[in-house]
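Chemist: Just dropping this structure here.
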Amino acid sequence: MSSETLTILAMVAGCAVFAGAVTYPLVGRDFQGGARVVVTLITTVLVGGMSLIVLYLSVAVFLAVAVAYLVVRHLLRPGLALAASGVVLAGGFFCAVMIMFAALSNM
C-alpha cells in the first residue's frame, strides 16, 4: 500500500474511533445494553464514512451534534432527543458536503 492510502485509512479509522469513543459514554445515561451499542455503531459508521468525503468536517459536525444532544436530552425524552440529534447530524453532514463542494469548485 502507498503512504497516501495508509494516511486516508488512518484518518477514517481515527475519525470513526473518536466518534465511537465519545458516543458510547455520552448515551450511556439514557440507553442501556444493545441500544447503546447500536447507537454507537451507527454513529461510528456515519462519521467514518463521511470523513471520506468531507475530511475532518465530519468530526466537527459530530461534536456540534454531541453538544446539541446534551442540551436537548434535558428538554425531551431520550428517544426524541436521539432522533432530533440524528436529523441535526444529517443536516450537518449535508452542510459540510456543500462547504466542501463550494471550496473545491472555487479552486
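In the C-alpha cells, each chain is lettered A, B, ... as it comes, each chain's residues begin at 1, and ligands are numbered from 1 in order of appearance.
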Which polymer residues have any atom within 7 Å of an atom of range 23-37 of chain A, counting only C-alpha atoms, with same-chain residues fewer than 4 positions away left out, as a list of chain:residue names?
Modeler: A:Ala19, A:Leu41, A:Pro78
Chemist: Which of chain A end up as alpha helix (DSSP H) when DSSP is run on this backbone - answer as a PyMOL selection string?
Modeler: chain A and resi 3-26+34-54+57-72+78-105
Chemist: Please determine, counting only C-alpha atoms, which residue among A:Cys95, A:Met1, A:Met50, A:Leu82 has the shortest atom-to-atom distance to Leu70 in chain A.
Modeler: A:Leu82
Chemist: Considering only C-alpha atoms, return as number ranges by chain whatever protein or nucleic-acid residues lie within 12 Å of Gly91 in chain A, sequence-local ones (same chain, fewer than 5 positions apart) excluded.
Modeler: A: 58, 61-62, 64-65, 84-86, 96-98
Chemist: For a quick check of understanding, using only C-alpha atoms, which of A:Val17, A:Leu6, A:Met11, A:Leu46 has the smallest distance to Phe93 in chain A?
Modeler: A:Leu46
